[in-house]
file protein33.txt (compact mmCIF, C-alpha atoms)
# COMPACT_ATOMS: atom_id res chain seq x y z
CA MET A 530 -14.01 17.34 28.30
CA VAL A 531 -15.89 14.30 26.98
CA SER A 532 -14.86 12.89 23.62
CA ARG A 533 -17.61 12.71 21.02
CA ASN A 534 -15.99 9.68 19.42
CA PRO A 535 -16.96 6.30 20.92
CA PRO A 536 -14.09 4.02 21.92
CA LEU A 537 -12.84 1.61 19.27
CA SER A 538 -13.88 -1.37 21.39
CA LEU A 539 -17.50 -0.16 21.33
CA ILE A 540 -17.42 0.49 17.58
CA MET A 541 -16.03 -2.98 16.91
CA LYS A 542 -18.47 -4.68 19.29
CA ASN A 543 -21.52 -2.94 17.84
CA ASN A 544 -20.62 -3.54 14.21
CA PHE A 545 -19.34 -7.10 14.52
CA SER A 546 -22.25 -8.34 16.62
CA GLY A 547 -24.67 -9.14 13.78
CA PRO A 548 -24.71 -11.53 10.83
CA GLY A 549 -22.90 -9.05 8.59
CA LYS A 550 -19.54 -9.36 10.33
CA LEU A 551 -17.55 -9.95 7.17
CA GLU A 552 -19.30 -7.12 5.33
CA TRP A 553 -18.44 -4.71 8.12
CA LEU A 554 -14.86 -5.98 8.25
CA ALA A 555 -14.64 -5.47 4.48
CA ARG A 556 -15.86 -1.88 4.77
CA PHE A 557 -13.54 -1.29 7.72
CA MET A 558 -10.49 -2.53 5.77
CA VAL A 559 -11.34 -0.69 2.55
CA SER A 560 -12.15 2.61 4.25
CA HIS A 561 -8.93 2.52 6.28
CA GLY A 562 -6.74 1.38 3.40
CA VAL A 563 -5.89 -1.95 5.05
CA PRO A 564 -4.64 -4.42 2.40
CA TYR A 565 -6.20 -7.87 2.18
CA GLU A 566 -2.79 -9.39 3.00
CA ALA A 567 -3.04 -7.87 6.50
CA LEU A 568 -5.30 -10.81 7.34
CA TYR A 569 -2.10 -12.88 7.38
CA GLU A 570 -0.28 -10.54 9.74
CA THR A 571 -0.01 -11.60 13.36
CA SER A 572 -0.62 -8.12 14.78
CA PHE A 573 -3.81 -7.56 12.76
CA ARG A 574 -5.15 -11.02 13.62
CA LYS A 575 -4.49 -10.33 17.31
CA PHE A 576 -6.31 -7.01 16.93
CA LEU A 577 -9.38 -8.75 15.49
CA ARG A 578 -9.34 -11.52 18.09
CA GLU A 579 -9.09 -8.95 20.87
CA TYR A 580 -12.25 -7.15 19.84
CA VAL A 581 -14.13 -9.95 18.06
CA PRO A 582 -13.24 -13.24 19.79
CA ASN A 583 -15.75 -15.30 17.79
CA LEU A 584 -14.87 -13.94 14.37
CA VAL A 585 -13.64 -16.53 11.88
CA ILE A 586 -10.88 -14.57 10.17
CA PRO A 587 -11.20 -15.05 6.40
CA LEU A 588 -8.49 -15.53 3.81
CA PRO A 589 -7.60 -12.48 1.68
CA SER A 590 -9.28 -14.10 -1.34
CA ALA A 591 -12.52 -14.53 0.62
CA MET A 592 -12.37 -10.93 1.81
CA GLU A 593 -11.87 -9.77 -1.77
CA SER A 594 -15.03 -11.66 -2.74
CA VAL A 595 -16.95 -9.88 0.01
CA VAL A 596 -15.71 -6.51 -1.24
CA ASN A 597 -16.77 -7.43 -4.77
CA ARG A 598 -20.31 -7.96 -3.54
CA ILE A 599 -20.45 -4.54 -1.95
CA GLY A 600 -21.03 -2.61 -5.13
CA GLU A 601 -24.10 -0.64 -4.26
CA HIS A 602 -23.75 2.83 -2.78
CA GLY A 603 -25.78 5.94 -2.21
CA VAL A 604 -25.39 8.68 -4.78
CA GLN A 605 -23.20 11.56 -3.63
CA VAL A 606 -23.90 14.68 -5.67
CA ILE A 607 -20.92 16.67 -6.89
CA PRO A 608 -21.56 20.43 -6.53
CA ALA A 609 -22.62 22.32 -9.64
CA GLU A 610 -19.52 24.53 -9.64
CA VAL A 611 -17.25 21.50 -10.13
CA ASP A 612 -16.58 20.72 -13.79
CA GLU A 613 -13.27 18.82 -13.57
CA ILE A 614 -12.41 15.68 -11.65
CA SER A 615 -9.44 13.38 -11.12
CA VAL A 616 -9.73 9.61 -11.05
CA THR A 617 -7.70 6.84 -9.43
CA PHE A 618 -8.57 3.31 -10.51
CA ASP A 619 -7.57 -0.33 -10.31
CA ILE A 620 -8.77 -3.45 -12.11
CA PHE A 621 -8.85 -6.88 -10.51
CA GLY A 622 -10.48 -10.28 -10.89
CA ASP A 623 -10.09 -13.35 -13.09
CA GLU A 624 -9.64 -12.17 -16.66
CA ASP A 625 -9.74 -15.71 -18.08
CA GLU A 626 -13.11 -16.34 -16.46
CA GLY A 627 -14.46 -12.96 -17.50
CA HIS A 628 -14.84 -11.75 -13.92
CA LYS A 629 -13.12 -8.37 -14.02
CA CYS A 630 -14.04 -5.52 -11.70
CA ILE A 631 -12.96 -1.91 -11.63
CA ALA A 632 -12.65 0.11 -8.45
CA PHE A 633 -12.16 3.82 -8.91
CA SER A 634 -12.19 6.92 -6.79
CA VAL A 635 -13.38 10.27 -8.12
CA HIS A 636 -11.63 13.27 -6.56
CA TYR A 637 -12.87 16.85 -6.68
CA SER A 638 -12.61 20.09 -4.73
CA PRO A 639 -15.84 22.03 -4.08
CA TRP A 640 -14.72 25.64 -3.84
CA VAL A 641 -16.72 27.63 -1.33
CA TYR A 642 -15.73 31.20 -0.48
CA GLY A 643 -12.39 30.62 -2.17
CA PHE A 644 -11.53 27.49 -0.20
CA GLY A 645 -12.06 23.83 -0.98
CA ALA A 646 -11.28 20.59 0.81
CA ARG A 647 -10.80 17.62 -1.46
CA ARG A 648 -13.69 15.17 -1.55
CA ASN A 649 -14.00 11.79 -3.17
CA ILE A 650 -16.56 9.20 -4.25
CA VAL A 651 -15.61 5.53 -4.50
CA TYR A 652 -17.12 3.21 -7.11
CA LEU A 653 -16.92 -0.56 -7.49
CA ARG A 654 -18.28 -1.97 -10.74
CA LYS A 655 -18.09 -5.16 -12.77
CA LEU A 656 -16.48 -4.66 -16.16
CA ASP A 657 -18.15 -5.93 -19.30
CA ASP A 658 -16.45 -8.67 -21.27
CA GLY A 659 -13.98 -7.66 -23.95
CA PRO A 660 -10.38 -6.53 -24.33
CA LEU A 661 -9.19 -3.63 -22.23
CA SER A 662 -8.20 -0.33 -23.80
CA ALA A 663 -7.64 3.16 -22.45
CA GLN A 664 -10.70 4.41 -24.30
CA ARG A 665 -12.89 1.63 -22.92
CA ILE A 666 -11.73 2.23 -19.35
CA ILE A 667 -12.33 5.97 -19.62
CA GLU A 668 -15.76 5.50 -21.20
CA PHE A 669 -16.76 3.02 -18.50
CA ILE A 670 -15.71 5.43 -15.74
CA ARG A 671 -17.45 8.37 -17.44
CA GLU A 672 -20.64 6.39 -17.91
CA ALA A 673 -20.80 5.45 -14.22
CA ILE A 674 -20.09 9.01 -13.07
CA ASN A 675 -22.38 10.77 -15.52
CA LYS A 676 -25.23 8.38 -14.73
CA ASP A 677 -25.02 9.35 -11.05
CA GLN A 678 -24.35 13.05 -11.53
CA GLN A 679 -26.65 13.69 -14.48
CA LYS A 680 -24.04 15.95 -16.05
CA TYR A 681 -20.79 15.77 -17.99
CA LEU A 682 -17.61 16.07 -15.92
CA LYS A 683 -14.20 16.39 -17.52
CA ILE A 684 -11.60 13.88 -16.31
CA ALA A 685 -8.52 16.07 -16.01
CA ASN A 686 -6.13 13.51 -14.48
CA ILE A 687 -6.09 9.78 -14.04
CA VAL A 688 -3.84 7.67 -11.79
CA ILE A 689 -3.08 4.22 -13.21
CA PRO A 690 -2.29 1.23 -10.96
CA ASN A 691 0.61 -0.34 -12.89
CA ARG A 692 2.85 -0.12 -15.94
CA LYS A 693 0.91 -2.74 -17.89
CA LEU A 694 -2.25 -0.63 -17.86
CA ALA A 695 -0.19 2.54 -18.27
CA ALA A 696 0.98 1.21 -21.63
CA LEU A 697 -2.63 1.47 -22.85
CA PHE A 698 -2.72 5.14 -21.91
CA ASN A 699 0.54 5.89 -23.69
CA MET A 700 -1.21 5.43 -27.02
CA LYS A 701 -1.97 8.53 -29.06
CA ASN A 702 -5.73 8.36 -28.59
CA ALA A 703 -5.47 8.56 -24.80
CA VAL A 704 -5.31 12.31 -24.28
CA ILE A 705 -6.02 12.44 -20.55
CA LYS A 706 -3.07 13.39 -18.38
CA HIS A 707 -2.06 10.23 -16.52
CA THR A 708 0.47 8.97 -13.99
CA ILE A 709 1.31 5.57 -12.53
CA CYS A 710 0.25 4.94 -8.94
CA PHE A 711 3.07 5.62 -6.48
CA ASN A 712 2.32 2.45 -4.54
CA HIS A 713 2.95 0.40 -7.68
CA CYS A 714 6.52 1.71 -7.64
CA VAL A 715 6.85 0.70 -3.99
CA ASP A 716 5.46 -2.78 -4.73
CA THR A 717 7.82 -3.22 -7.69
CA PHE A 718 10.82 -2.06 -5.66
CA VAL A 719 10.09 -4.43 -2.77
CA THR A 720 9.32 -7.36 -5.08
CA GLU A 721 12.62 -6.97 -6.93
CA VAL A 722 14.59 -6.58 -3.69
CA LEU A 723 13.11 -9.82 -2.37
CA GLN A 724 14.31 -11.57 -5.53
CA ILE A 725 17.98 -10.65 -4.93
CA GLU A 726 19.88 -13.92 -4.55
CA GLU A 727 21.26 -13.36 -1.04
CA ILE A 728 17.95 -12.07 0.30
CA ALA A 729 15.86 -14.79 -1.34
CA ALA A 730 18.24 -17.44 0.03
CA THR A 731 17.97 -15.99 3.54
CA ILE A 732 14.18 -16.04 3.49
CA GLU A 733 14.23 -19.59 2.15
CA LYS A 734 16.64 -20.64 4.94
CA TYR A 735 14.24 -19.39 7.60
CA ARG A 736 11.30 -20.94 5.81
CA GLU A 737 13.04 -24.31 5.96
CA ILE A 738 13.76 -23.81 9.67
CA VAL A 739 10.10 -23.10 10.38
CA LYS A 740 9.09 -26.09 8.27
CA SER A 741 11.49 -28.34 10.20
CA ILE A 742 10.10 -27.23 13.56
CA ARG A 743 6.53 -27.65 12.37
CA THR A 744 7.04 -31.16 10.98
CA ASN A 745 9.47 -32.62 13.53
CA GLU A 746 7.65 -33.64 16.70
CA GLU A 747 10.75 -33.55 18.90
CA LEU A 748 11.73 -30.09 17.71
CA PHE A 749 8.16 -28.83 17.99
CA VAL A 750 7.78 -30.04 21.58
CA GLU A 751 11.08 -28.43 22.59
CA PHE A 752 10.09 -25.25 20.73
CA LYS A 753 6.85 -25.04 22.73
CA ARG A 754 8.56 -25.94 26.02
CA TYR A 755 11.23 -23.25 25.61
CA LEU A 756 8.80 -20.46 24.76
CA ASN A 757 6.24 -21.45 27.39
CA GLY A 758 9.06 -21.46 29.92
CA ILE A 759 9.79 -17.79 29.31
CA GLY A 760 6.13 -16.82 28.95
CA ALA A 761 6.42 -15.97 25.26
CA PRO A 762 3.89 -16.70 22.48
CA SER A 763 4.60 -20.06 20.89
CA ASP A 764 3.02 -19.65 17.46
CA LEU A 765 5.10 -20.36 14.38
CA PRO A 766 5.13 -17.81 11.57
CA SER A 767 3.31 -18.61 8.36
CA TYR A 768 4.93 -17.99 5.00
CA ARG A 769 2.89 -17.44 1.87
CA LYS A 770 4.23 -16.37 -1.49
CA ASP A 771 1.29 -14.11 -2.26
CA GLY A 772 2.46 -10.66 -1.29
CA TRP A 773 5.40 -8.91 0.29
CA ARG A 774 3.43 -7.88 3.37
CA SER A 775 3.14 -11.52 4.39
CA VAL A 776 6.94 -11.77 3.99
CA SER A 777 7.30 -8.78 6.31
CA ALA A 778 5.19 -10.48 8.98
CA PHE A 779 7.14 -13.72 8.51
CA ALA A 780 10.49 -11.94 8.93
CA ALA A 781 9.30 -10.07 12.02
CA ARG A 782 8.19 -13.26 13.75
CA CYS A 783 11.38 -15.13 12.83
CA LEU A 784 13.45 -12.35 14.39
CA GLU A 785 11.37 -12.67 17.57
CA LEU A 786 12.16 -16.39 17.58
CA ASN A 787 15.90 -15.91 17.13
CA ASP A 788 16.80 -17.19 20.62
CA VAL A 789 14.74 -20.37 20.38
CA ILE A 790 16.06 -21.02 16.86
CA THR A 791 19.59 -20.83 18.27
CA HIS A 792 18.54 -23.02 21.20
CA LEU A 793 17.34 -25.68 18.77
CA SER A 794 20.83 -25.69 17.20
CA PHE A 795 19.88 -24.40 13.77
CA ASP A 796 22.82 -22.95 11.87
CA VAL A 797 21.98 -19.28 11.37
CA ASP A 798 24.95 -17.00 10.78
CA THR A 799 25.16 -13.31 11.61
CA LEU A 800 24.77 -12.26 7.97
CA SER A 801 21.49 -14.15 7.66
CA GLU A 802 20.16 -12.40 10.76
CA GLN A 803 21.25 -9.03 9.37
CA LEU A 804 19.62 -9.65 6.00
CA LEU A 805 16.40 -10.83 7.62
CA ASN A 806 16.40 -7.72 9.80
CA PHE A 807 16.86 -5.60 6.67
CA VAL A 808 13.90 -7.35 5.03
CA HIS A 809 11.72 -6.77 8.09
CA LYS A 810 12.68 -3.11 8.60
CA MET A 811 12.57 -2.19 4.92
CA LEU A 812 9.22 -3.85 4.27
CA GLU A 813 7.76 -2.44 7.47
CA LYS A 814 8.72 1.09 6.45
CA CYS A 815 7.50 0.62 2.88
CA SER A 816 4.15 -0.54 4.22
CA GLN A 817 4.03 2.43 6.59
CA TYR A 818 4.89 4.96 3.88
CA SER A 819 2.45 3.38 1.41
CA GLY A 820 -0.29 3.85 3.96
CA TYR A 821 0.86 7.40 4.65
CA ILE A 822 0.50 8.41 1.02
CA SER A 823 -2.73 6.46 0.46
CA GLN A 824 -4.95 8.30 2.92
CA SER A 825 -8.00 10.19 1.72
CA GLY A 826 -6.30 13.52 2.39
CA SER A 827 -3.01 12.64 0.71
CA SER A 828 -1.66 14.65 -2.22
CA ILE A 829 1.17 14.61 -4.74
CA SER A 830 3.12 16.97 -2.49
CA GLN A 831 3.97 13.91 -0.39
CA VAL A 832 5.59 11.92 -3.22
CA ILE A 833 9.13 13.34 -3.12
CA PRO A 834 9.29 13.44 0.71
CA THR A 835 8.09 9.82 0.83
CA ILE A 836 10.66 8.69 -1.75
CA LEU A 837 13.39 10.37 0.27
CA LEU A 838 12.16 8.69 3.46
CA ILE A 839 12.30 5.27 1.78
CA LYS A 840 15.74 6.06 0.37
CA HIS A 841 17.05 7.12 3.78
CA GLU A 842 15.69 4.00 5.47
CA MET A 843 17.04 1.78 2.70
CA LYS A 844 20.55 3.21 3.01
CA ARG A 845 20.49 2.96 6.79
CA GLN A 846 19.39 -0.68 6.86
CA ILE A 847 21.45 -2.06 3.94
CA ASP A 848 24.68 -0.20 4.75
CA GLY A 849 27.64 -2.59 4.62
CA LEU A 850 25.65 -5.67 3.62
CA PRO A 851 26.57 -7.62 0.43
CA PRO A 852 23.51 -6.69 -1.68
CA GLU A 853 23.89 -2.96 -0.89
CA GLU A 854 24.77 -1.83 -4.42
CA THR A 855 22.11 -4.04 -6.01
CA VAL A 856 19.41 -2.63 -3.73
CA LYS A 857 20.49 0.94 -4.49
CA SER A 858 20.49 0.21 -8.22
CA ILE A 859 16.97 -1.22 -8.07
CA PHE A 860 15.78 1.80 -6.11
CA SER A 861 17.20 4.24 -8.66
CA GLU A 862 15.72 2.35 -11.60
CA ILE A 863 12.23 1.99 -10.11
CA PHE A 864 11.83 5.54 -8.82
CA MET A 865 13.66 7.31 -11.67
CA PRO A 866 10.42 8.13 -13.58
CA LEU A 867 9.12 9.96 -10.50
CA THR A 868 12.34 11.80 -9.71
CA SER A 869 13.23 13.21 -13.11
CA GLY A 870 11.74 15.21 -15.96
CA GLU A 871 8.35 16.87 -16.07
CA GLN A 872 6.82 14.60 -13.44
CA ARG A 873 9.53 15.51 -10.92
CA GLN A 874 8.84 19.17 -11.62
CA GLN A 875 5.15 18.70 -10.81
CA TYR A 876 5.95 16.96 -7.54
CA ASP A 877 8.50 19.62 -6.59
CA LEU A 878 6.02 22.43 -7.21
CA ALA A 879 3.40 20.62 -5.14
CA SER A 880 5.89 20.20 -2.27
CA LEU A 881 6.75 23.90 -2.43
CA LEU A 882 3.06 24.80 -2.15
CA ASP A 883 2.57 22.48 0.83
CA PRO A 884 3.54 24.21 4.11
CA ARG A 885 4.50 20.84 5.60
CA PHE A 886 7.41 20.51 3.17
CA ALA A 887 8.20 23.92 1.68
CA TYR A 888 11.80 25.07 2.17
CA ARG A 889 12.68 22.10 4.38
CA SER A 890 16.44 21.58 4.29
CA ALA A 891 15.90 17.84 4.70
CA LEU A 892 14.42 17.80 1.19
CA TYR A 893 16.44 20.35 -0.77
CA THR A 894 19.16 22.92 -0.32
CA GLU A 895 18.29 26.60 -0.23
CA GLU A 896 19.53 26.98 -3.82
CA GLU A 897 17.36 24.09 -5.03
CA TRP A 898 14.28 25.58 -3.36
CA ASP A 899 15.06 28.90 -5.08
CA ASP A 900 15.13 27.13 -8.45
CA ILE A 901 11.78 25.44 -7.75
CA GLU A 902 10.34 28.80 -6.73
CA LYS A 903 11.51 30.36 -10.01
CA THR A 904 9.85 27.53 -11.93
CA LEU A 905 6.63 28.15 -10.02
CA LEU A 906 6.69 31.84 -10.95
CA VAL A 907 7.19 30.97 -14.62
CA GLU A 908 4.42 28.34 -14.61
CA PHE A 909 1.86 30.57 -12.92

call {"tool": "encode", "arguments": {"input": "protein33.txt", "output": "structure tokens"}}
result
Amino acid sequence: MVSRNPPLSLIMKNNFSGPGKLEWLARFMVSHGVPYEALYETSFRKFLREYVPNLVIPLPSAMESVVNRIGEHGVQVIPAEVDEISVTFDIFGDEDEGHKCIAFSVHYSPWVYGFGARRNIVYLRKLDDGPLSAQRIIEFIREAINKDQQKYLKIANIVIPNRKLAALFNMKNAVIKHTICFNHCVDTFVTEVLQIEEIAATIEKYREIVKSIRTNEELFVEFKRYLNGIGAPSDLPSYRKDGWRSVSAFAARCLELNDVITHLSFDVDTLSEQLLNFVHKMLEKCSQYSGYISQSGSSISQVIPTILLIKHEMKRQIDGLPPEETVKSIFSEIFMPLTSGEQRQQYDLASLLDPRFAYRSALYTEEEWDDIEKTLLVEF
């Protein structure tokens, strides 16, 4: 059997061969949910160099500028039978300079013969000057959609990127049902964990080690000699305070360099190694699960299972380490809004209706599933 899909190497070669390399890379990253910060990660840079040897890999800020320029798109017509949509949005840019953009995805299900696969249309628009409000955001989104579709579509649900913008929608005049983006909770959790004193001190210790090797000629020469002698890559990790994914890549590379760091007589105790390993594993899993729930076919049924996966990994990696209780406390505080009250009920019902998760003992006991089932019968 011959695959109809061309190999990735051919796709990359064909699309990166012309003058629009950065534009294609931008579309590739956006369509696959690859964050801009991935341009810092060693594995992603190696991936690009493998398939596009002559590509000058841009900084995340430069890539964001390229994405901003790609605002034009062909009009995708929403079927006539669809009258309600859901919207996910984010706002970015320099507010002080008046350069704010809004990216939003319109989700709908075209029901045909009783079945409907979720579809979406992605918009990227520059926002007009002026203060932000829930009403203004909604009107801007509606105007863009209605202009394309030539009809009025009700926005039934809206997913908000962070708590700051969510505060606008908590006002009485914002009647649309809204929730905060799950990935914002993940970002907040990771950011606060990285600020824990012991963890922050560990990362800083390794940053100073890398800085010493990079700036001391004698250490640098011995560093290169040692790694070349065992046939290992001799690149030093970069550390940038502009996103936790870059911290994850930094931690991963430092762990790979553990032997040479010891060889160079740097004082790194066992606890520091354990904490750095926790940072690497925890951030790696958070990145993986964020991607898992951010795919075009993802749904709210994945929220509770994903939270439980993060919780399980967190407990496994932090077990017995000094900041264990602090990490657990941060986790509970950040994810509490999603795991209690009416919102938890919605997620539980969605999980019950998803055959991938329904009645799984890893999620709930048999009695808990029975209670969720009773709630479903009452609701519907």

call {"tool": "residues_around", "arguments": {"input": "protein33.txt", "residues": "region 795-811 of chain A", "least_positions_apart": "2", "cutoff": "9 Å", "atoms": "only C-alpha atoms", "output": "number ranges by chain"}}
result
A: 719, 722-723, 727-728, 730-732, 734-735, 738, 776-781, 783-784, 787, 790-793, 813-816, 839, 842-843, 846-847, 850

call {"tool": "atom_distance", "arguments": {"input": "protein33.txt", "atom1": "CA of Ile631 (chain A)", "atom2": "CA of Gln664 (chain A)"}}
result
14.3 Å

call {"tool": "closest_residue", "arguments": {"input": "protein33.txt", "among": "A:Ile822, A:Leu882, A:Leu554, A:Val606", "to": "Val585 (chain A)", "atoms": "all atoms listed in the file"}}
result
A:Leu554

call {"tool": "closest_residue", "arguments": {"input": "protein33.txt", "among": "A:Gly849, A:Leu812, A:Met592, A:Gln605", "to": "Lys676 (chain A)", "atoms": "only C-alpha atoms"}}
result
A:Gln605

call {"tool": "residues_around", "arguments": {"input": "protein33.txt", "residues": "Arg743 (chain A)", "least_positions_apart": "3", "cutoff": "12 Å", "atoms": "only C-alpha atoms", "output": "list in words"}}
result
Arg736, Glu737, Ile738, Val739, Lys740, Glu746, Glu747, Leu748, Phe749, Val750, Glu751, Phe752, Lys753, Ser763, Asp764, Leu765, Pro766 and Ser767 of chain A

call {"tool": "build_atoms", "arguments": {"input": "protein33.txt", "residues": "region 803-815 of chain A", "atoms": "N, CA, C and O atoms", "output": "compact mmCIF listing (two decimals), in the frame of the given file"}}
result
# COMPACT_ATOMS: atom_id res chain seq x y z
N GLN A 803 21.22 -10.42 9.83
CA GLN A 803 21.25 -9.03 9.37
C GLN A 803 20.38 -8.82 8.14
O GLN A 803 19.66 -7.82 8.03
N LEU A 804 20.43 -9.77 7.21
CA LEU A 804 19.62 -9.65 6.00
C LEU A 804 18.14 -9.79 6.32
O LEU A 804 17.30 -9.08 5.75
N LEU A 805 17.80 -10.69 7.24
CA LEU A 805 16.40 -10.83 7.62
C LEU A 805 15.91 -9.57 8.33
O LEU A 805 14.77 -9.13 8.11
N ASN A 806 16.76 -8.98 9.13
CA ASN A 806 16.40 -7.72 9.80
C ASN A 806 16.19 -6.61 8.78
O ASN A 806 15.27 -5.80 8.91
N PHE A 807 17.04 -6.59 7.74
CA PHE A 807 16.86 -5.60 6.67
C PHE A 807 15.51 -5.80 5.99
O PHE A 807 14.78 -4.83 5.74
N VAL A 808 15.18 -7.05 5.68
CA VAL A 808 13.90 -7.35 5.03
C VAL A 808 12.74 -6.85 5.90
O VAL A 808 11.83 -6.17 5.41
N HIS A 809 12.80 -7.17 7.18
CA HIS A 809 11.72 -6.77 8.09
C HIS A 809 11.60 -5.25 8.17
O HIS A 809 10.52 -4.69 7.98
N LYS A 810 12.71 -4.57 8.43
CA LYS A 810 12.68 -3.11 8.60
C LYS A 810 12.28 -2.40 7.32
O LYS A 810 11.48 -1.45 7.33
N MET A 811 12.85 -2.85 6.19
CA MET A 811 12.57 -2.19 4.92
C MET A 811 11.11 -2.37 4.52
O MET A 811 10.43 -1.42 4.11
N LEU A 812 10.61 -3.58 4.65
CA LEU A 812 9.22 -3.85 4.27
C LEU A 812 8.24 -3.16 5.22
O LEU A 812 7.19 -2.68 4.80
N GLU A 813 8.60 -3.12 6.49
CA GLU A 813 7.76 -2.44 7.47
C GLU A 813 7.63 -0.96 7.13
O GLU A 813 6.53 -0.39 7.17
N LYS A 814 8.75 -0.33 6.79
CA LYS A 814 8.72 1.09 6.45
C LYS A 814 7.99 1.33 5.13
O LYS A 814 7.25 2.31 5.00
N CYS A 815 8.20 0.46 4.16
CA CYS A 815 7.50 0.62 2.88
C CYS A 815 5.99 0.51 3.07
O CYS A 815 5.22 1.26 2.46
